[in-house]
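Okay, coords-v2.cif now, which holds mmCIF, C-alpha atoms:
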```
data_coords
loop_
_atom_site.label_atom_id
_atom_site.label_comp_id
_atom_site.auth_asym_id
_atom_site.auth_seq_id
_atom_site.Cartn_x
_atom_site.Cartn_y
_atom_site.Cartn_z
CA MET T 1 -5.86 61.22 -32.15
CA LYS T 2 -3.95 58.84 -29.92
CA LYS T 3 -0.21 59.21 -29.50
CA SER T 4 2.34 56.83 -28.09
CA ALA T 5 2.38 57.13 -24.34
CA GLU T 6 5.48 55.07 -23.61
CA GLN T 7 7.90 57.93 -24.14
CA GLU T 8 5.77 60.04 -21.85
CA ILE T 9 5.72 57.27 -19.25
CA ARG T 10 9.51 57.01 -19.45
CA GLN T 11 10.00 60.72 -18.96
CA GLN T 12 7.53 60.88 -16.12
CA VAL T 13 9.14 57.93 -14.35
CA GLU T 14 12.61 59.42 -14.70
CA ALA T 15 11.28 62.69 -13.35
CA TRP T 16 9.65 60.84 -10.49
CA ASP T 17 12.97 59.15 -9.67
CA GLU T 18 14.58 62.58 -9.23
CA LYS T 19 11.93 63.95 -6.94
CA SER T 20 12.59 64.27 -3.26
CA SER T 21 9.03 64.11 -2.03
CA ASP T 22 8.56 61.59 0.78
CA ILE T 23 7.32 58.16 -0.21
CA GLY T 24 8.08 56.54 3.09
CA PHE T 25 11.84 56.46 2.87
CA ASP T 26 13.32 55.92 6.33
CA LYS T 27 16.88 57.11 5.88
CA ALA T 28 17.92 56.43 9.45
CA LEU T 29 16.74 52.85 9.28
CA VAL T 30 18.45 52.14 5.99
CA TRP T 31 21.68 53.75 7.16
CA GLN T 32 21.55 51.68 10.32
CA ASN T 33 21.06 48.56 8.20
CA ILE T 34 23.99 49.52 5.99
CA ASN T 35 26.21 49.90 9.03
CA ASP T 36 24.99 46.56 10.36
CA GLY T 37 25.97 44.89 7.12
CA GLY T 38 22.90 45.60 5.10
CA HIS T 39 21.55 42.14 5.57
CA SER T 40 18.17 43.03 6.90
CA ALA T 41 16.23 45.95 8.17
CA LYS T 42 16.42 46.32 11.91
CA PRO T 43 12.99 45.52 13.23
CA ARG T 44 11.12 48.17 15.09
CA ILE T 45 9.27 46.44 17.85
CA THR T 46 5.79 47.79 18.43
CA TRP T 47 3.34 46.83 21.14
CA GLN T 48 1.32 44.97 18.54
CA GLN T 49 4.35 42.89 17.71
CA ILE T 50 4.93 42.22 21.39
CA ALA T 51 1.29 41.17 21.76
CA VAL T 52 1.59 38.93 18.74
CA ALA T 53 4.78 37.46 20.15
CA ILE T 54 3.07 36.76 23.47
CA ILE T 55 0.12 35.16 21.70
CA ILE T 56 2.48 33.09 19.59
CA PHE T 57 4.37 32.14 22.75
CA PHE T 58 1.18 30.93 24.41
CA LEU T 59 0.09 29.16 21.26
CA LEU T 60 3.47 27.50 21.00
CA GLY T 61 3.21 26.51 24.66
CA GLY T 62 -0.21 25.05 24.06
CA TRP T 63 1.01 23.37 20.94
CA GLY T 64 3.99 21.95 22.73
CA ARG T 65 1.80 20.74 25.56
CA SER T 66 -0.60 19.12 23.13
CA GLU T 67 2.32 17.58 21.27
CA TYR T 68 3.64 16.23 24.56
CA ARG T 69 0.21 14.83 25.39
CA ASN T 70 -0.06 13.40 21.92
CA ALA T 71 3.31 11.76 22.30
CA GLN T 72 2.26 10.32 25.65
CA LEU T 73 -1.00 9.10 24.16
CA ALA T 74 0.83 7.63 21.23
CA GLN T 75 3.18 5.88 23.62
CA SER T 76 0.33 4.53 25.72
CA THR T 77 -1.51 3.56 22.56
CA THR T 78 1.54 1.67 21.42
CA ALA T 79 1.79 -0.04 24.80
CA MET T 80 -1.92 -0.89 24.68
CA ALA T 81 -1.54 -2.21 21.18
CA HIS T 82 1.33 -4.34 22.39
CA GLN T 83 -0.77 -5.60 25.30
CA ILE T 84 -3.66 -6.28 22.96
CA GLN T 85 -1.30 -8.21 20.74
CA VAL T 86 -0.07 -10.19 23.72
CA LEU T 87 -3.65 -10.85 24.81
CA GLN T 88 -4.59 -11.89 21.32
CA ASN T 89 -1.66 -14.26 21.25
CA ASN T 90 -2.69 -15.62 24.63
CA ALA T 91 -6.26 -15.97 23.43
CA LYS T 92 -5.09 -17.81 20.35
CA SER T 93 -2.95 -20.07 22.54
CA ALA T 94 -5.90 -20.64 24.87
CA GLU T 95 -8.10 -21.45 21.90
CA ALA T 96 -5.53 -23.81 20.57
CA LEU T 97 -4.96 -25.51 23.97
CA PRO T 98 -8.30 -27.40 24.21
CA VAL T 99 -7.79 -28.63 20.73
CA LYS T 100 -4.38 -29.87 21.66
CA GLN T 101 -5.77 -31.38 24.86
CA GLN T 102 -8.60 -32.90 22.89
CA ALA T 103 -6.13 -34.24 20.41
CA MET T 104 -4.03 -35.61 23.22
CA ALA T 105 -7.12 -37.10 24.84
CA GLN T 106 -8.07 -38.55 21.50
CA ILE T 107 -4.65 -40.05 21.16
CA VAL T 108 -4.82 -41.41 24.71
CA THR T 109 -8.32 -42.68 24.06
CA ASP T 110 -7.18 -44.24 20.86
CA THR T 111 -4.34 -45.86 22.64
CA ILE T 112 -6.62 -47.14 25.36
CA VAL T 113 -9.15 -48.29 22.83
CA LYS T 114 -6.47 -50.02 20.87
CA THR T 115 -5.17 -51.61 24.01
CA ILE T 116 -8.63 -52.74 25.03
CA VAL T 117 -9.37 -53.91 21.56
CA LYS T 118 -6.18 -55.80 21.51
CA GLN T 119 -7.00 -57.45 24.83
CA VAL T 120 -10.52 -58.21 23.73
CA TYR T 121 -9.22 -59.47 20.48
CA VAL T 122 -6.84 -61.80 22.23
CA ASN T 123 -9.55 -63.12 24.57
CA GLU T 124 -12.05 -63.59 21.81
CA ALA T 125 -9.44 -65.06 19.57
CA SER T 126 -8.41 -67.39 22.36
CA GLU T 127 -12.00 -68.35 22.90
CA GLU T 128 -12.56 -68.71 19.23
CA LEU T 129 -9.33 -70.59 18.92
CA SER T 130 -10.24 -72.91 21.74
CA THR T 131 -13.68 -73.27 20.20
CA LEU T 132 -12.12 -74.00 16.87
CA LYS T 133 -9.75 -76.39 18.52
CA ASN T 134 -12.64 -78.09 20.19
CA GLU T 135 -14.57 -78.23 16.96
CA TYR T 136 -11.47 -79.43 15.18
CA GLN T 137 -10.98 -82.09 17.82
CA GLN T 138 -14.63 -83.02 17.55
CA SER T 139 -14.26 -83.18 13.79
CA VAL T 140 -11.17 -85.31 14.14
CA ASN T 141 -12.98 -87.55 16.60
CA ALA T 142 -16.01 -87.70 14.33
CA LEU T 143 -13.75 -88.53 11.44
CA ALA T 144 -12.05 -91.26 13.42
CA HIS T 145 -15.42 -92.54 14.49
CA MET T 146 -16.63 -92.47 10.92
CA GLN T 147 -13.46 -94.23 9.84
CA VAL T 148 -14.11 -96.87 12.48
CA GLU T 149 -17.71 -97.17 11.37
CA LEU T 150 -16.58 -97.29 7.77
CA SER T 151 -14.19 -100.04 8.67
CA ASN T 152 -16.98 -101.83 10.51
CA SER T 153 -19.29 -101.30 7.59
CA LYS T 154 -16.66 -102.70 5.22
CA GLN T 155 -16.25 -105.66 7.52
CA ALA T 156 -20.00 -106.10 7.72
CA LEU T 157 -20.31 -105.85 3.98
CA LYS T 158 -17.66 -108.44 3.65
CA GLN T 159 -19.54 -110.63 6.07
CA TYR T 160 -22.74 -110.03 4.12
CA GLU T 161 -21.00 -110.94 0.95
CA ASP T 162 -19.64 -114.07 2.60
CA SER T 163 -23.08 -114.81 4.00
CA LEU T 164 -24.64 -114.16 0.64
CA ALA T 165 -22.12 -116.44 -0.99
CA ALA T 166 -22.81 -119.06 1.63
CA LEU T 167 -26.51 -118.63 1.20
CA SER T 168 -26.18 -118.83 -2.55
CA SER T 169 -24.22 -122.01 -2.26
CA SER T 170 -26.70 -123.30 0.31
CA LEU T 171 -29.53 -122.33 -1.99
CA LEU T 172 -27.93 -124.25 -4.76
CA VAL T 173 -27.46 -127.18 -2.51
CA TYR T 174 -31.01 -127.05 -1.32
CA GLN T 175 -32.33 -126.66 -4.81
CA GLN T 176 -30.47 -129.72 -5.78
CA ALA T 177 -31.69 -131.47 -2.72
CA GLU T 178 -35.22 -130.30 -3.33
CA VAL T 179 -35.15 -131.71 -6.73
CA LYS T 180 -34.08 -134.93 -5.24
CA GLN T 181 -35.83 -134.92 -1.88
CA ASP T 182 -38.74 -132.66 -2.57
CA VAL T 183 -37.38 -129.95 -0.45
CA SER T 184 -38.99 -126.52 -0.54
CA LEU T 185 -37.22 -123.32 0.26
CA GLU T 186 -38.85 -120.24 1.83
CA ILE T 187 -36.91 -117.09 1.86
CA ASN T 188 -37.94 -113.77 3.40
CA GLU T 189 -36.71 -111.69 0.56
CA ALA T 190 -37.47 -108.33 2.10
CA ALA T 191 -35.32 -109.17 5.07
CA LEU T 192 -32.63 -110.40 2.84
CA VAL T 193 -32.57 -107.16 0.81
CA ALA T 194 -32.61 -105.11 3.95
CA SER T 195 -29.73 -107.04 5.32
CA LEU T 196 -27.78 -106.52 2.14
CA ASN T 197 -28.18 -102.78 2.29
CA PRO T 198 -25.48 -101.56 4.72
CA ASP T 199 -26.93 -98.01 4.86
CA LYS T 200 -30.10 -99.35 6.24
CA GLU T 201 -28.44 -101.52 8.67
CA ASN T 202 -29.21 -99.18 11.47
CA ALA T 203 -32.73 -98.75 10.25
CA ILE T 204 -33.50 -102.35 11.05
CA SER T 205 -35.40 -102.16 14.23
CA SER T 206 -35.86 -104.72 16.81
CA SER T 207 -39.30 -105.36 15.33
CA GLN T 208 -37.60 -106.39 12.17
CA GLU T 209 -35.54 -108.63 14.22
CA LYS T 210 -38.41 -110.99 13.71
CA ASN T 211 -38.02 -110.71 9.98
CA LYS T 212 -34.62 -112.24 9.94
CA VAL T 213 -33.64 -113.98 6.76
CA LYS T 214 -35.28 -117.22 7.29
CA LEU T 215 -34.41 -120.27 5.22
CA VAL T 216 -36.98 -122.92 5.68
CA ILE T 217 -36.32 -126.31 4.15
CA PHE T 218 -39.25 -128.58 3.97
CA ASN T 219 -38.84 -132.25 3.71
CA LYS T 220 -41.71 -134.50 3.46
CA SER T 221 -40.38 -136.36 6.26
CA LYS T 222 -39.28 -133.52 8.47
CA SER T 223 -38.78 -129.84 8.12
CA THR T 224 -35.58 -127.95 8.89
CA ILE T 225 -35.47 -124.19 9.36
CA SER T 226 -32.29 -122.14 8.87
CA LYS T 227 -32.22 -118.40 9.68
CA ALA T 228 -29.58 -115.77 8.73
CA PRO T 229 -29.82 -112.55 10.73
CA ALA T 230 -28.79 -109.21 9.18
CA SER T 231 -25.42 -107.67 9.83
CA GLY T 232 -23.50 -110.67 10.65
CA ARG T 233 -26.24 -112.27 12.57
CA ILE T 234 -27.22 -114.59 9.83
CA ARG T 235 -27.90 -117.91 11.24
CA LEU T 236 -28.63 -121.11 9.45
CA MET A 1 33.38 65.33 -6.04
CA LYS A 2 36.76 63.91 -6.87
CA LYS A 3 37.72 64.02 -3.21
CA LEU A 4 34.46 62.25 -2.34
CA LEU A 5 35.15 59.56 -4.90
CA ARG A 6 38.67 59.17 -3.61
CA ASP A 7 37.45 58.86 -0.04
CA LEU A 8 34.77 56.41 -1.12
CA LYS A 9 37.36 54.21 -2.78
CA LYS A 10 39.24 54.31 0.52
CA LYS A 11 35.99 53.23 2.17
CA LYS A 12 35.87 56.17 4.52
CA HIS A 13 32.76 56.09 6.61
CA LYS A 14 32.13 59.81 6.42
CA ALA A 15 32.27 59.76 2.62
CA GLN A 16 29.92 56.81 2.50
CA HIS A 17 27.43 58.64 4.69
CA GLU A 18 27.75 61.67 2.44
CA LEU A 19 27.04 59.58 -0.65
CA PHE A 20 24.06 58.00 1.07
CA LYS A 21 22.63 61.42 1.93
CA MET A 22 23.17 62.58 -1.67
CA TYR A 23 21.66 59.59 -3.54
CA GLY A 24 19.70 57.67 -0.95
CA ASP A 25 16.37 59.12 -1.90
CA PHE A 26 16.98 58.66 -5.63
CA LEU A 27 18.07 55.03 -5.29
CA TYR A 28 15.23 54.34 -2.89
CA ARG A 29 12.75 55.43 -5.56
CA VAL A 30 14.43 53.22 -8.13
CA CYS A 31 14.20 50.27 -5.76
CA TYR A 32 10.63 51.19 -4.88
CA ARG A 33 9.62 51.19 -8.56
CA TYR A 34 10.70 47.57 -8.84
CA MET A 35 9.71 46.26 -5.44
CA ALA A 36 6.50 48.34 -5.11
CA ASN A 37 6.81 47.86 -1.38
CA ARG A 38 8.32 50.12 1.29
CA ASP A 39 9.94 47.45 3.46
CA ASP A 40 11.29 45.53 0.49
CA ALA A 41 12.64 48.76 -0.99
CA HIS A 42 14.39 49.52 2.30
CA GLU A 43 16.01 46.11 2.41
CA VAL A 44 17.05 46.14 -1.22
CA LEU A 45 18.44 49.66 -0.89
CA SER A 46 20.49 48.66 2.15
CA LYS A 47 22.04 45.76 0.25
CA ALA A 48 22.56 47.94 -2.81
CA PHE A 49 24.49 50.53 -0.79
CA VAL A 50 26.60 47.81 0.84
CA ASN A 51 27.48 46.56 -2.64
CA ILE A 52 28.19 50.10 -3.83
CA PHE A 53 30.55 50.75 -0.93
CA GLU A 54 32.26 47.40 -1.46
CA LYS A 55 32.70 47.55 -5.23
CA LEU A 56 33.26 51.22 -5.85
CA ALA A 57 36.99 50.85 -5.15
CA ASP A 58 37.23 48.39 -8.05
CA THR A 59 35.77 50.82 -10.58
CA ASP A 60 37.42 53.64 -12.49
CA ILE A 61 34.50 55.99 -11.98
CA GLU A 62 35.60 59.60 -11.92
CA THR A 63 32.52 61.67 -12.65
CA GLU A 64 29.28 62.11 -10.79
CA VAL A 65 27.12 61.27 -13.83
CA VAL A 66 28.83 57.94 -14.31
CA LEU A 67 28.68 57.27 -10.58
CA LYS A 68 24.94 57.96 -10.48
CA SER A 69 24.25 55.74 -13.48
CA TRP A 70 26.41 52.97 -12.02
CA MET A 71 24.66 53.16 -8.64
CA LYS A 72 21.27 53.03 -10.39
CA LYS A 73 22.35 49.83 -12.18
CA VAL A 74 23.49 48.34 -8.88
CA ALA A 75 20.14 49.19 -7.29
CA ILE A 76 18.19 47.76 -10.23
CA ASN A 77 20.29 44.60 -10.24
CA GLN A 78 19.77 44.19 -6.51
CA SER A 79 16.03 44.60 -7.02
CA LEU A 80 16.03 42.05 -9.83
CA MET A 81 17.98 39.64 -7.66
CA GLU A 82 15.30 39.88 -5.00
CA LEU A 83 12.53 39.46 -7.56
CA ARG A 84 14.28 36.42 -9.05
CA LYS A 85 14.33 34.84 -5.60
CA ARG A 86 10.58 35.28 -5.41
CA LYS A 87 10.15 33.71 -8.86
CA VAL A 88 7.63 36.28 -10.05
CA PHE A 89 8.34 35.43 -13.67
CA TYR A 90 6.54 32.47 -15.08
CA ALA A 91 7.64 30.84 -18.27
CA GLU A 92 4.72 30.73 -20.63
CA LEU A 93 4.18 28.49 -23.59
CA GLU A 94 2.20 31.22 -25.28
CA LEU A 95 3.23 31.71 -28.90
CA ILE A 96 4.50 35.24 -29.36
CA GLU A 97 3.81 36.45 -32.85
CA GLU A 98 6.63 38.35 -34.43
CA ILE A 99 4.62 41.42 -35.30
CA ALA A 100 5.25 45.05 -34.73
CA GLU A 101 4.86 45.59 -31.04
CA ASP A 102 1.96 47.76 -30.11
CA THR A 103 2.82 50.59 -27.87
CA ILE A 104 0.63 52.25 -25.34
CA SER A 105 -1.23 55.24 -26.69
CA ALA A 106 -3.10 58.03 -25.00
CA ASP A 107 -5.22 60.97 -26.13
CA GLN A 108 -3.97 63.30 -23.50
CA ALA A 109 -1.16 63.78 -21.05
CA LEU A 110 -1.40 61.63 -17.97
CA LEU A 111 -0.80 62.94 -14.51
CA GLU A 112 2.42 61.66 -12.99
CA ALA A 113 0.72 60.38 -9.87
CA ASP A 114 -1.81 58.41 -11.93
CA LEU A 115 0.89 57.00 -14.14
CA MET A 116 3.02 55.84 -11.23
CA GLN A 117 -0.06 54.38 -9.54
CA MET A 118 -0.79 52.40 -12.71
CA LEU A 119 2.75 51.09 -12.75
CA PHE A 120 2.61 50.01 -9.13
CA GLU A 121 -0.70 48.25 -9.75
CA LEU A 122 0.85 46.02 -12.38
CA PRO A 123 1.84 42.49 -11.28
CA ASP A 124 5.53 42.17 -10.32
CA GLY A 125 6.50 40.29 -13.49
CA TYR A 126 4.72 42.71 -15.84
CA ARG A 127 6.03 45.80 -14.06
CA THR A 128 9.61 44.54 -13.98
CA VAL A 129 9.78 43.68 -17.68
CA PHE A 130 7.96 46.89 -18.65
CA SER A 131 10.35 48.99 -16.55
CA LEU A 132 13.42 47.26 -17.94
CA TYR A 133 12.21 47.49 -21.55
CA VAL A 134 10.47 50.85 -21.69
CA ILE A 135 12.17 52.89 -18.97
CA GLU A 136 15.68 51.43 -18.75
CA GLY A 137 15.84 50.63 -22.45
CA PHE A 138 16.99 47.00 -22.31
CA LYS A 139 16.23 44.55 -25.11
CA HIS A 140 14.35 41.31 -24.64
CA ASP A 141 17.46 39.11 -24.77
CA GLU A 142 19.12 41.32 -22.13
CA ILE A 143 16.02 41.19 -19.97
CA ALA A 144 15.83 37.43 -20.38
CA GLN A 145 19.42 37.14 -19.26
CA LYS A 146 18.99 39.48 -16.30
CA LEU A 147 15.83 37.78 -15.06
CA ASP A 148 16.88 34.25 -16.01
CA ILE A 149 13.82 33.77 -18.18
CA SER A 150 13.26 33.03 -21.86
CA VAL A 151 12.96 35.77 -24.47
CA ASN A 152 9.41 34.64 -25.17
CA THR A 153 8.52 35.00 -21.53
CA SER A 154 9.95 38.51 -21.56
CA LYS A 155 7.90 39.36 -24.65
CA SER A 156 4.78 37.82 -23.17
CA GLN A 157 5.16 39.73 -19.91
CA LEU A 158 5.71 43.00 -21.78
CA ARG A 159 2.69 42.42 -24.02
CA LYS A 160 0.47 41.71 -21.05
CA ALA A 161 1.85 44.73 -19.17
CA ARG A 162 1.04 46.94 -22.14
CA LEU A 163 -2.49 45.55 -22.45
CA GLN A 164 -3.16 46.07 -18.78
CA LEU A 165 -1.67 49.58 -18.79
CA GLN A 166 -3.69 50.49 -21.87
CA GLN A 167 -6.88 49.42 -20.13
CA MET A 168 -5.93 51.48 -17.07
CA ILE A 169 -5.07 54.51 -19.23
CA ASN A 170 -8.39 54.26 -21.04
CA LYS A 171 -10.23 54.22 -17.73
CA THR A 172 -8.15 57.13 -16.47
CA GLU A 173 -8.89 59.17 -19.60
CA ILE A 174 -12.59 58.51 -19.15
CA ARG A 175 -12.25 59.75 -15.59
CA TYR A 176 -10.38 62.85 -16.83
CA GLU A 177 -13.17 63.51 -19.32
CA GLU A 178 -15.79 63.23 -16.62
CA VAL A 179 -13.89 65.67 -14.39
CA ARG A 180 -13.57 68.10 -17.31
CA ARG A 181 -17.29 67.93 -18.03
CA THR A 182 -18.07 68.47 -14.38
CA ARG A 183 -15.90 71.59 -14.31
CA ASN A 184 -17.49 72.95 -17.49
#
```
Give the structure from the file, written as structure tokens.
Amino acid sequence: MKKSAEQEIRQQVEAWDEKSSDIGFDKALVWQNINDGGHSAKPRITWQQIAVAIIIFFLLGGWGRSEYRNAQLAQSTTAMAHQIQVLQNNAKSAEALPVKQQAMAQIVTDTIVKTIVKQVYVNEASEELSTLKNEYQQSVNALAHMQVELSNSKQALKQYEDSLAALSSSLLVYQQAEVKQDVSLEINEAALVASLNPDKENAISSSQEKNKVKLVIFNKSKSTISKAPASGRIRL
Amino acid sequence: MKKLLRDLKKKKHKAQHELFKMYGDFLYRVCYRYMANRDDAHEVLSKAFVNIFEKLADTDIETEVVLKSWMKKVAINQSLMELRKRKVFYAELELIEEIAEDTISADQALLEADLMQMLFELPDGYRTVFSLYVIEGFKHDEIAQKLDISVNTSKSQLRKARLQLQQMINKTEIRYEEVRRTRN
């Protein structure tokens, strides 16, 4: 049958508290601590602790040295990074320089090209202008010439009309005379038509010169021939 | 004793040394029960004695019994202060059922050495609450206040301490039985 053990535990613990058997109590140490203020137990330095301290000292030295080296490396790394940055900037500037130079050259080239083009343009324009002027002058001259020719043609036409009127009146006269005097009239009609056509005035060749408008009046007693040349050269 | 008390209140060094020689061992054991460590017990005991020497003049203690009880409280409080610094008590969200608390039971008497060994094997939090509740006789609300923990945490720690101690007692009883059989 189980019984509560807590009361027994309590009694045994209280009895244990009253015992004086040694459980590692260092009275001298505690009393020393109390006299020192009771803040902490005074350390008893053993050779193991000294060895540990020496090891820790060396480790700390090594650690400090490595920290110092690390700091130096970090510093040099920073400096190198700065130099790399500077070099990168320089490289970027160098990369950008040809472009700028090219752009400048392009601008210069453009300017030169524009200048050349402008000069060429002026020369060509001058030539073209002079050519146009010449052509214009030629056209003006041709126009004046044509006006002169037109005036001449008008005058010739007027003469033809006058000649035709004269011929018509002569024809009437001769017809009347023929009725009375048995006069016959021979007219080269082709020549007459040709002479009446001012456009074909120039087309009348010298061979046609022979085909002048010829008015032949026959009389039984004698014959009389009257000729009227084309273009004012009508002769009776 | 009255002369000793009078000299102690006058903070005479000789009287203090006398008191230390008289109760040093006892208070060391008290501290050791809570700290479960020789060096820690030394340190806590040193501080406890400094407090005792400082504050004794402010008390109206006149008898040895009262003095001893008061010094034990000072030592326990100093131990608890150290344990609080180490934060050995963990607040637990475990729901503590309000049932009759099981106590540790045993079929036979346990040897003192085994019992103390079991106590020292308990985790700091379990051992502290168990000692305060079972041995010193504090209630859970008092323990909670002393250790700056919740009442539930105090109950939880006590319950776990009891479970663990019960398991250890059972094993010890089995060992006792085996020894008895071997002898027979």
#### Entry: Spatial neighbours of Thr103 in chain A, 8 Å, only C-alpha atoms, chain gap at least 6 places, as a PyMOL selection string
(chain T and resi 4-6) or (chain A and resi 162)
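Using all atoms listed in the file, the shortest contact distance between Tyr34 in chain A and any of T:Leu143, T:Leu60, T:Val13, T:Ala91 is found at T:Val13.
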Residues selected by the PyMOL selection byres ((chain A) within 6 of (chain T)), written as a PDB file with C-alpha atoms, in the frame of the given file:
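Result saved to selection07.pdb:
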```pdb
ATOM      1  CA  PHE A  26      16.980  58.660  -5.630  1.00  0.00           C
ATOM      2  CA  ARG A  29      12.750  55.430  -5.560  1.00  0.00           C
ATOM      3  CA  GLU A  43      16.010  46.110   2.410  1.00  0.00           C
ATOM      4  CA  SER A  46      20.490  48.660   2.150  1.00  0.00           C
ATOM      5  CA  LYS A  47      22.040  45.760   0.250  1.00  0.00           C
ATOM      6  CA  ILE A 104       0.630  52.250 -25.340  1.00  0.00           C
ATOM      7  CA  SER A 105      -1.230  55.240 -26.690  1.00  0.00           C
ATOM      8  CA  ALA A 106      -3.100  58.030 -25.000  1.00  0.00           C
ATOM      9  CA  ASP A 107      -5.220  60.970 -26.130  1.00  0.00           C
ATOM     10  CA  ILE A 135      12.170  52.890 -18.970  1.00  0.00           C
TER      11      ILE A 135
END
```
Selection under test: the PyMOL selection byres ((chain A and resi 114-128) around 6); residues as a compact mmCIF listing (two decimals) with C-alpha atoms, in the frame of the given file:
```
# COMPACT_ATOMS: atom_id res chain seq x y z
CA ALA A 36 6.50 48.34 -5.11
CA VAL A 88 7.63 36.28 -10.05
CA PHE A 89 8.34 35.43 -13.67
CA LEU A 111 -0.80 62.94 -14.51
CA GLU A 112 2.42 61.66 -12.99
CA ALA A 113 0.72 60.38 -9.87
CA VAL A 129 9.78 43.68 -17.68
CA PHE A 130 7.96 46.89 -18.65
CA SER A 131 10.35 48.99 -16.55
CA GLN A 157 5.16 39.73 -19.91
CA ALA A 161 1.85 44.73 -19.17
```
### Task
Compare A:Gly24, A:Glu136, A:Leu147, A:Glu64 by their minimum atom-to-atom distance to Ser79 in chain A, counting only C-alpha atoms, and give me the closest one.
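Among the listed residues, the smallest separation from Ser79 in chain A belongs to A:Leu147.
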### Task
To verify the selection step, state as an MDAnalysis selection string which residues the PyMOL selection byres ((chain A and resi 48) around 10) yields on this input.
(chainID T and resid 34 38) or (chainID A and resid 27:28 31 42:47 49:54 71:79)
Around all of range 30-33 of chain T's listed atoms, make the axis-aligned box with 8 Å on each side and tell me centre and edge lengths in Å to one decimal, as AutoDock Vina command-line options.
```
--center_x 20.1 --center_y 51.2 --center_z 8.2 --size_x 19.2 --size_y 21.2 --size_z 20.3
```
### Message
Would you compute the distance between CA of Lys11 in chain A and CA of Ala57 in chain A? Give it in Å to one decimal.
### Response
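According to the coordinates, CA of Lys11 in chain A and CA of Ala57 in chain A are separated by 7.8 Å.
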### Query
Hey, can you check how far CA of Ser168 in chain T sits from CA of Val148 in chain T?
29.2 Å
### Query
Just how far from CA of Lys158 in chain T is CA of Gln138 in chain T, in Å to one decimal?
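Those two atoms sit 29.1 Å apart.
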